[in-house]
$ cat query-v6.cif   # mmCIF, C-alpha atoms
data_upload
loop_
_atom_site.label_atom_id
_atom_site.label_comp_id
_atom_site.auth_asym_id
_atom_site.auth_seq_id
_atom_site.Cartn_x
_atom_site.Cartn_y
_atom_site.Cartn_z
CA ASP A 27 14.11 -2.93 -0.28
CA ALA A 28 12.80 0.05 -2.24
CA LYS A 29 14.14 3.46 -1.35
CA THR A 30 11.73 6.05 0.00
CA THR A 31 11.72 9.83 -0.20
CA GLN A 32 10.02 11.98 2.42
CA PRO A 33 10.02 15.71 3.12
CA THR A 34 12.41 16.68 5.87
CA SER A 35 9.85 18.55 7.92
CA MET A 36 6.20 19.58 8.02
CA ASP A 37 3.99 21.65 10.28
CA CYS A 38 0.34 21.06 11.04
CA ALA A 39 -2.17 22.99 13.12
CA GLU A 40 -3.62 21.17 16.09
CA GLY A 41 -6.99 19.61 15.27
CA ARG A 42 -6.34 19.62 11.54
CA ALA A 43 -5.49 16.61 9.42
CA ALA A 44 -1.80 15.92 8.91
CA ASN A 45 -0.96 14.47 5.51
CA LEU A 46 2.53 13.01 5.27
CA PRO A 47 3.68 12.01 1.77
CA CYS A 48 6.13 9.31 0.80
CA ASN A 49 7.54 8.48 -2.62
CA HIS A 50 8.62 4.93 -3.37
CA SER A 51 8.79 4.82 -7.14
CA THR A 52 10.90 1.63 -7.28
CA ILE A 53 8.58 -0.45 -5.11
CA SER A 54 8.16 -4.08 -6.12
CA GLY A 55 4.91 -6.01 -6.24
CA ASN A 56 5.63 -7.94 -3.05
CA GLU A 57 6.76 -4.96 -0.99
CA TYR A 58 4.64 -3.44 1.74
CA VAL A 59 4.56 0.17 2.87
CA TYR A 60 5.06 0.57 6.63
CA TRP A 61 4.81 3.71 8.73
CA TYR A 62 6.45 4.18 12.09
CA ARG A 63 6.94 7.23 14.22
CA GLN A 64 9.43 8.14 16.89
CA ILE A 65 8.59 10.63 19.58
CA HIS A 66 11.76 12.22 20.88
CA SER A 67 14.21 9.40 21.77
CA GLN A 68 11.42 6.92 22.52
CA GLY A 69 11.22 3.57 20.76
CA PRO A 70 9.76 3.72 17.25
CA GLN A 71 6.02 3.14 17.29
CA TYR A 72 4.25 1.14 14.61
CA ILE A 73 1.41 3.07 12.99
CA ILE A 74 0.07 1.23 9.97
CA HIS A 75 1.06 -0.76 6.90
CA GLY A 76 -0.44 -1.75 3.56
CA LEU A 77 0.23 -3.49 0.27
CA LYS A 78 -2.22 -2.20 -2.32
CA ASN A 79 -5.43 -1.14 -0.69
CA ASN A 80 -5.98 1.84 1.52
CA GLU A 81 -5.87 0.99 5.19
CA THR A 82 -7.30 2.59 8.30
CA ASN A 83 -6.85 1.89 11.97
CA GLU A 84 -7.39 3.76 15.20
CA MET A 85 -4.28 5.85 14.69
CA ALA A 86 -4.22 6.77 11.03
CA SER A 87 -5.15 6.10 7.43
CA LEU A 88 -2.80 5.00 4.70
CA ILE A 89 -3.57 5.94 1.13
CA ILE A 90 -1.54 4.14 -1.54
CA THR A 91 -1.74 5.31 -5.15
CA GLU A 92 -2.94 2.87 -7.76
CA ASP A 93 0.55 2.52 -9.28
CA ARG A 94 1.92 2.10 -5.71
CA LYS A 95 4.69 4.58 -6.38
CA SER A 96 3.65 6.86 -3.56
CA SER A 97 1.58 6.90 -0.42
CA THR A 98 0.20 9.32 2.15
CA LEU A 99 -0.18 8.82 5.86
CA ILE A 100 -3.12 10.76 7.26
CA LEU A 101 -3.53 11.65 10.91
CA PRO A 102 -7.14 12.86 10.87
CA HIS A 103 -7.07 15.18 13.87
CA ALA A 104 -3.50 15.97 14.84
CA THR A 105 -2.71 16.72 18.47
CA LEU A 106 0.42 18.09 20.10
CA ARG A 107 1.31 14.52 21.10
CA ASP A 108 1.60 13.61 17.42
CA THR A 109 4.73 15.73 17.12
CA ALA A 110 7.36 13.17 16.09
CA VAL A 111 9.58 11.91 13.29
CA TYR A 112 7.54 9.80 10.89
CA TYR A 113 9.26 7.07 8.90
CA CYS A 114 7.96 5.53 5.70
CA ILE A 115 9.57 2.14 5.08
CA VAL A 116 9.10 -0.20 2.15
CA ARG A 117 10.05 -3.86 2.36
CA VAL A 118 9.02 -7.38 1.47
CA GLY A 119 6.59 -9.19 3.68
CA ILE A 120 7.08 -12.22 5.85
CA SER A 121 8.30 -15.52 4.48
CA SER A 122 9.08 -18.86 6.04
CA GLY A 123 8.24 -17.63 9.51
CA SER A 124 11.06 -15.12 9.51
CA ALA A 125 10.96 -11.39 9.05
CA ARG A 126 13.39 -8.85 7.74
CA GLN A 127 14.91 -5.87 9.42
CA LEU A 128 13.60 -2.37 8.93
CA THR A 129 15.72 0.16 7.07
CA PHE A 130 15.03 3.62 8.46
CA GLY A 131 15.67 6.74 6.43
CA SER A 132 15.67 10.26 7.77
CA GLY A 133 11.90 10.51 8.04
CA THR A 134 9.71 13.59 8.28
CA GLN A 135 9.73 15.73 11.39
CA LEU A 136 6.09 16.60 11.95
CA THR A 137 5.47 19.50 14.31
CA VAL A 138 1.92 20.04 15.45
CA LEU A 139 1.38 23.68 16.34
CA PRO A 140 -1.11 24.89 18.95
CA ASP B 26 3.14 0.11 25.74
CA SER B 27 4.47 -2.18 22.99
CA GLY B 28 4.96 -5.18 25.28
CA VAL B 29 8.72 -5.22 24.63
CA THR B 30 10.83 -4.48 27.67
CA GLN B 31 14.46 -3.40 27.84
CA THR B 32 16.82 -3.04 30.75
CA PRO B 33 18.52 -0.98 31.91
CA LYS B 34 17.02 2.31 30.78
CA HIS B 35 20.28 4.16 31.20
CA LEU B 36 23.84 2.95 31.37
CA ILE B 37 26.91 5.06 31.97
CA THR B 38 30.30 3.44 31.69
CA ALA B 39 33.89 4.11 30.74
CA THR B 40 35.88 3.40 27.61
CA GLY B 41 37.25 -0.10 27.42
CA GLN B 42 34.48 -1.58 29.53
CA ARG B 43 31.93 -4.25 28.65
CA VAL B 44 28.16 -4.01 29.11
CA THR B 45 25.14 -6.21 28.54
CA LEU B 46 21.78 -4.93 27.40
CA ARG B 47 18.71 -7.07 27.90
CA CYS B 48 15.52 -7.38 25.90
CA SER B 49 12.33 -9.31 26.59
CA PRO B 50 10.15 -9.64 23.49
CA ARG B 51 6.36 -9.55 23.42
CA SER B 52 4.81 -12.74 24.66
CA GLY B 53 4.90 -15.31 21.87
CA ASP B 54 7.18 -13.37 19.53
CA LEU B 55 10.02 -15.45 18.14
CA SER B 56 12.10 -12.80 16.40
CA VAL B 57 14.23 -10.24 18.18
CA TYR B 58 16.01 -7.39 16.43
CA TRP B 59 18.61 -4.99 17.77
CA TYR B 60 19.01 -1.45 16.43
CA GLN B 61 21.42 1.34 17.28
CA GLN B 62 20.54 5.01 17.06
CA SER B 63 23.32 7.53 17.33
CA LEU B 64 23.07 11.24 16.60
CA ASP B 65 24.94 11.11 13.32
CA GLN B 66 23.82 7.70 12.01
CA GLY B 67 20.11 7.45 12.61
CA LEU B 68 18.48 4.08 13.30
CA GLN B 69 20.74 1.26 12.15
CA PHE B 70 19.96 -2.45 12.20
CA LEU B 71 22.50 -4.54 14.08
CA ILE B 72 21.35 -8.15 14.27
CA GLN B 73 18.29 -10.42 14.27
CA TYR B 74 17.60 -13.65 16.10
CA TYR B 75 14.75 -16.02 15.37
CA ASN B 76 13.85 -18.70 17.90
CA GLY B 77 17.38 -18.80 19.27
CA GLU B 78 19.27 -18.69 16.00
CA GLU B 79 21.01 -15.78 14.36
CA ARG B 80 19.05 -14.90 11.24
CA ALA B 81 20.47 -11.67 9.86
CA LYS B 82 23.35 -9.32 10.51
CA GLY B 83 23.62 -5.66 9.78
CA ASN B 84 26.40 -3.22 10.51
CA ILE B 85 27.34 -4.84 13.79
CA LEU B 86 30.88 -4.38 15.01
CA GLU B 87 33.00 -7.39 15.93
CA ARG B 88 33.17 -6.00 19.47
CA PHE B 89 29.41 -6.50 19.70
CA SER B 90 27.65 -9.82 20.03
CA ALA B 91 24.17 -11.00 20.84
CA GLN B 92 22.28 -14.13 21.75
CA GLN B 93 18.73 -15.27 22.23
CA PHE B 94 17.94 -17.67 25.04
CA PRO B 95 15.42 -20.55 25.19
CA ASP B 96 12.91 -18.30 26.92
CA LEU B 97 13.31 -15.98 23.89
CA HIS B 98 14.80 -13.05 25.75
CA SER B 99 17.90 -11.59 24.13
CA GLU B 100 21.07 -9.92 25.28
CA LEU B 101 23.36 -7.57 23.38
CA ASN B 102 26.92 -7.56 24.59
CA LEU B 103 29.14 -4.58 23.86
CA SER B 104 32.81 -4.85 24.70
CA SER B 105 35.93 -2.66 24.53
CA LEU B 106 33.61 0.29 24.52
CA GLU B 107 34.56 3.47 22.71
CA LEU B 108 33.16 6.98 22.95
CA GLY B 109 31.46 6.46 19.60
CA ASP B 110 29.39 3.61 20.99
CA SER B 111 27.33 6.08 22.96
CA ALA B 112 23.85 5.75 21.52
CA LEU B 113 20.33 4.55 22.05
CA TYR B 114 19.95 0.80 21.62
CA PHE B 115 16.53 -0.50 20.71
CA CYS B 116 15.18 -3.98 20.66
CA ALA B 117 12.17 -4.99 18.59
CA SER B 118 10.21 -8.21 18.31
CA SER B 119 7.87 -9.79 15.79
CA ALA B 120 6.44 -13.10 14.56
CA ARG B 121 4.05 -14.80 16.94
CA LEU B 122 3.99 -18.51 17.67
CA ALA B 123 1.91 -20.85 15.55
CA GLY B 124 -1.72 -20.63 16.53
CA GLY B 125 -1.63 -16.88 16.75
CA PRO B 126 -1.62 -14.29 13.97
CA VAL B 127 1.73 -14.25 12.17
CA THR B 128 2.76 -10.73 11.47
CA ASP B 129 5.79 -9.05 10.03
CA THR B 130 5.21 -5.98 12.15
CA GLN B 131 8.01 -5.13 14.53
CA TYR B 132 7.26 -3.65 17.93
CA PHE B 133 9.98 -1.68 19.64
CA GLY B 134 11.00 -1.43 23.24
CA PRO B 135 11.73 1.86 25.03
CA GLY B 136 15.46 1.52 24.47
CA THR B 137 18.64 1.67 26.54
CA ARG B 138 20.63 4.88 26.51
CA LEU B 139 24.33 4.05 26.68
CA THR B 140 26.80 6.76 27.55
CA VAL B 141 30.49 5.96 27.29
CA LEU B 142 32.75 8.44 29.08
#
$ encode --input "query-v6.cif" --output "structure tokens"
Amino acid sequence: DAKTTQPTSMDCAEGRAANLPCNHSTISGNEYVYWYRQIHSQGPQYIIHGLKNNETNEMASLIITEDRKSSTLILPHATLRDTAVYYCIVRVGISSGSARQLTFGSGTQLTVLP
Amino acid sequence: DSGVTQTPKHLITATGQRVTLRCSPRSGDLSVYWYQQSLDQGLQFLIQYYNGEERAKGNILERFSAQQFPDLHSELNLSSLELGDSALYFCASSARLAGGPVTDTQYFGPGTRLTVL
């Protein structure tokens, strides 16, 4: 799986958009970008994933550059409850009905400030 | 709520003891993964089961073992416990049965906090 690089920490004002970057310059054509977050000692929470196209769901938007070497997770209106460690993970997709484990890096500690 | 349940929430035991952690995957999910999160190691993959069979192994110690039962719930057994085994243990599930959407997305349970004294 491709290695990812994320900033160690970021701050964001409550109500503003939080933009979390991730570099994955060695990503392969069949690798997806996944984002998870972990709120203090809780189980990691799935946010969003994508392959090539930008994706949006009720939680966030994922913007993937055209060369797929980097991506940005956007939380459009950050709240205090979005304070968490955000993990960007790159890995191949499903095959033969099985799935592969997630390799977590250090992630980005996002702190939403009142 | 991810739909994955884990019991117990907290477990305090002594060195040398053996414990069993239990995980119930989301309804219809065939794959179960176990992860360990300690303060100095971050989230580490331990082992994966798919429909009752071991599918992948990570950095799992020989003192640890797991199994997945016919009803798809899984248990992680930790024996000869050491102080360094104190950690959060998470279970995740993915891969729905045929007929439903097949997804690679893993959904995590709330975890079991193990403290070895």
$ residues_around --input "query-v6.cif" --residues "Gln68 of chain A" --least-positions-apart "4" --cutoff "8 Å" --atoms "all atoms listed in the file" --output "PyMOL selection string"
(chain A and resi 64) or (chain B and resi 135-136)
$ interface_residues --input "query-v6.cif" --of "chain A" --to "chain B" --cutoff "12 Å" --atoms "all atoms listed in the file" --output "PyMOL selection string"
chain A and resi 57-76+111+113+115+117-133
$ atom_distance --input "query-v6.cif" --atom1 "atom CA of Ala104 of chain A" --atom2 "atom CA of Gly41 of chain A"
5.1 Å
$ resolve_selection --input "query-v6.cif" --expression "the PyMOL selection byres ((chain A and resi 47) around 6)" --output "NGL selection string"
:A and (46 or 48 or 97-98)
$ atom_distance --input "query-v6.cif" --atom1 "atom CA of Lys29 of chain A" --atom2 "atom CA of Asn49 of chain A"
8.4 Å
$ closest_residue --input "query-v6.cif" --among "A:Ile53, A:Ile100, A:Glu40, A:Val116" --to "Ala86 of chain A" --atoms "all atoms listed in the file"
A:Ile100
$ atom_distance --input "query-v6.cif" --atom1 "atom CA of Leu99 of chain A" --atom2 "atom CA of Ser63 of chain B"
26.2 Å
$ residues_around --input "query-v6.cif" --residues "Thr109 of chain A" --least-positions-apart "6" --cutoff "12 Å" --atoms "all atoms listed in the file" --output "PyMOL selection string"
chain A and resi 35-40+44+63-66+101+134-140
$ build_atoms --input "query-v6.cif" --residues "segment 65-80 of chain B" --atoms "N, CA, C and O atoms" --output "mmCIF file, in the coordinates of the input"
data_model
loop_
_atom_site.group_PDB
_atom_site.id
_atom_site.type_symbol
_atom_site.label_atom_id
_atom_site.label_comp_id
_atom_site.auth_asym_id
_atom_site.auth_seq_id
_atom_site.Cartn_x
_atom_site.Cartn_y
_atom_site.Cartn_z
ATOM 1 N N ASP B 65 24.528 10.877 14.696
ATOM 2 C CA ASP B 65 24.940 11.110 13.320
ATOM 3 C C ASP B 65 24.607 9.963 12.370
ATOM 4 O O ASP B 65 24.818 10.077 11.171
ATOM 5 N N GLN B 66 24.067 8.863 12.872
ATOM 6 C CA GLN B 66 23.820 7.700 12.010
ATOM 7 C C GLN B 66 22.355 7.330 11.881
ATOM 8 O O GLN B 66 22.001 6.519 11.061
ATOM 9 N N GLY B 67 21.499 7.860 12.700
ATOM 10 C CA GLY B 67 20.110 7.450 12.610
ATOM 11 C C GLY B 67 19.930 6.032 13.120
ATOM 12 O O GLY B 67 20.814 5.463 13.761
ATOM 13 N N LEU B 68 18.789 5.437 12.832
ATOM 14 C CA LEU B 68 18.480 4.080 13.300
ATOM 15 C C LEU B 68 19.133 3.063 12.376
ATOM 16 O O LEU B 68 18.839 3.000 11.187
ATOM 17 N N GLN B 69 20.016 2.241 12.942
ATOM 18 C CA GLN B 69 20.740 1.260 12.150
ATOM 19 C C GLN B 69 20.481 -0.141 12.707
ATOM 20 O O GLN B 69 20.586 -0.366 13.906
ATOM 21 N N PHE B 70 20.179 -1.064 11.813
ATOM 22 C CA PHE B 70 19.960 -2.450 12.200
ATOM 23 C C PHE B 70 21.284 -3.117 12.555
ATOM 24 O O PHE B 70 22.280 -2.966 11.837
ATOM 25 N N LEU B 71 21.294 -3.841 13.651
ATOM 26 C CA LEU B 71 22.500 -4.540 14.080
ATOM 27 C C LEU B 71 22.422 -6.043 13.796
ATOM 28 O O LEU B 71 23.260 -6.606 13.107
ATOM 29 N N ILE B 72 21.400 -6.687 14.369
ATOM 30 C CA ILE B 72 21.350 -8.150 14.270
ATOM 31 C C ILE B 72 19.937 -8.638 14.588
ATOM 32 O O ILE B 72 19.182 -7.959 15.294
ATOM 33 N N GLN B 73 19.590 -9.796 14.029
ATOM 34 C CA GLN B 73 18.290 -10.420 14.270
ATOM 35 C C GLN B 73 18.473 -11.863 14.719
ATOM 36 O O GLN B 73 19.310 -12.592 14.171
ATOM 37 N N TYR B 74 17.678 -12.257 15.690
ATOM 38 C CA TYR B 74 17.600 -13.650 16.100
ATOM 39 C C TYR B 74 16.177 -14.141 15.922
ATOM 40 O O TYR B 74 15.216 -13.386 16.120
ATOM 41 N N TYR B 75 16.058 -15.399 15.519
ATOM 42 C CA TYR B 75 14.750 -16.020 15.370
ATOM 43 C C TYR B 75 14.777 -17.351 16.099
ATOM 44 O O TYR B 75 15.523 -18.245 15.710
ATOM 45 N N ASN B 76 13.984 -17.469 17.128
ATOM 46 C CA ASN B 76 13.850 -18.700 17.900
ATOM 47 C C ASN B 76 15.219 -19.260 18.304
ATOM 48 O O ASN B 76 15.471 -20.457 18.202
ATOM 49 N N GLY B 77 16.090 -18.393 18.743
ATOM 50 C CA GLY B 77 17.380 -18.800 19.270
ATOM 51 C C GLY B 77 18.515 -18.818 18.276
ATOM 52 O O GLY B 77 19.679 -18.976 18.673
ATOM 53 N N GLU B 78 18.220 -18.634 17.017
ATOM 54 C CA GLU B 78 19.270 -18.690 16.000
ATOM 55 C C GLU B 78 19.480 -17.331 15.358
ATOM 56 O O GLU B 78 18.512 -16.604 15.094
ATOM 57 N N GLU B 79 20.728 -17.015 15.071
ATOM 58 C CA GLU B 79 21.010 -15.780 14.360
ATOM 59 C C GLU B 79 20.439 -15.873 12.954
ATOM 60 O O GLU B 79 20.663 -16.858 12.240
ATOM 61 N N ARG B 80 19.721 -14.853 12.543
ATOM 62 C CA ARG B 80 19.050 -14.900 11.240
ATOM 63 C C ARG B 80 19.585 -13.862 10.261
ATOM 64 O O ARG B 80 19.615 -14.102 9.068
#
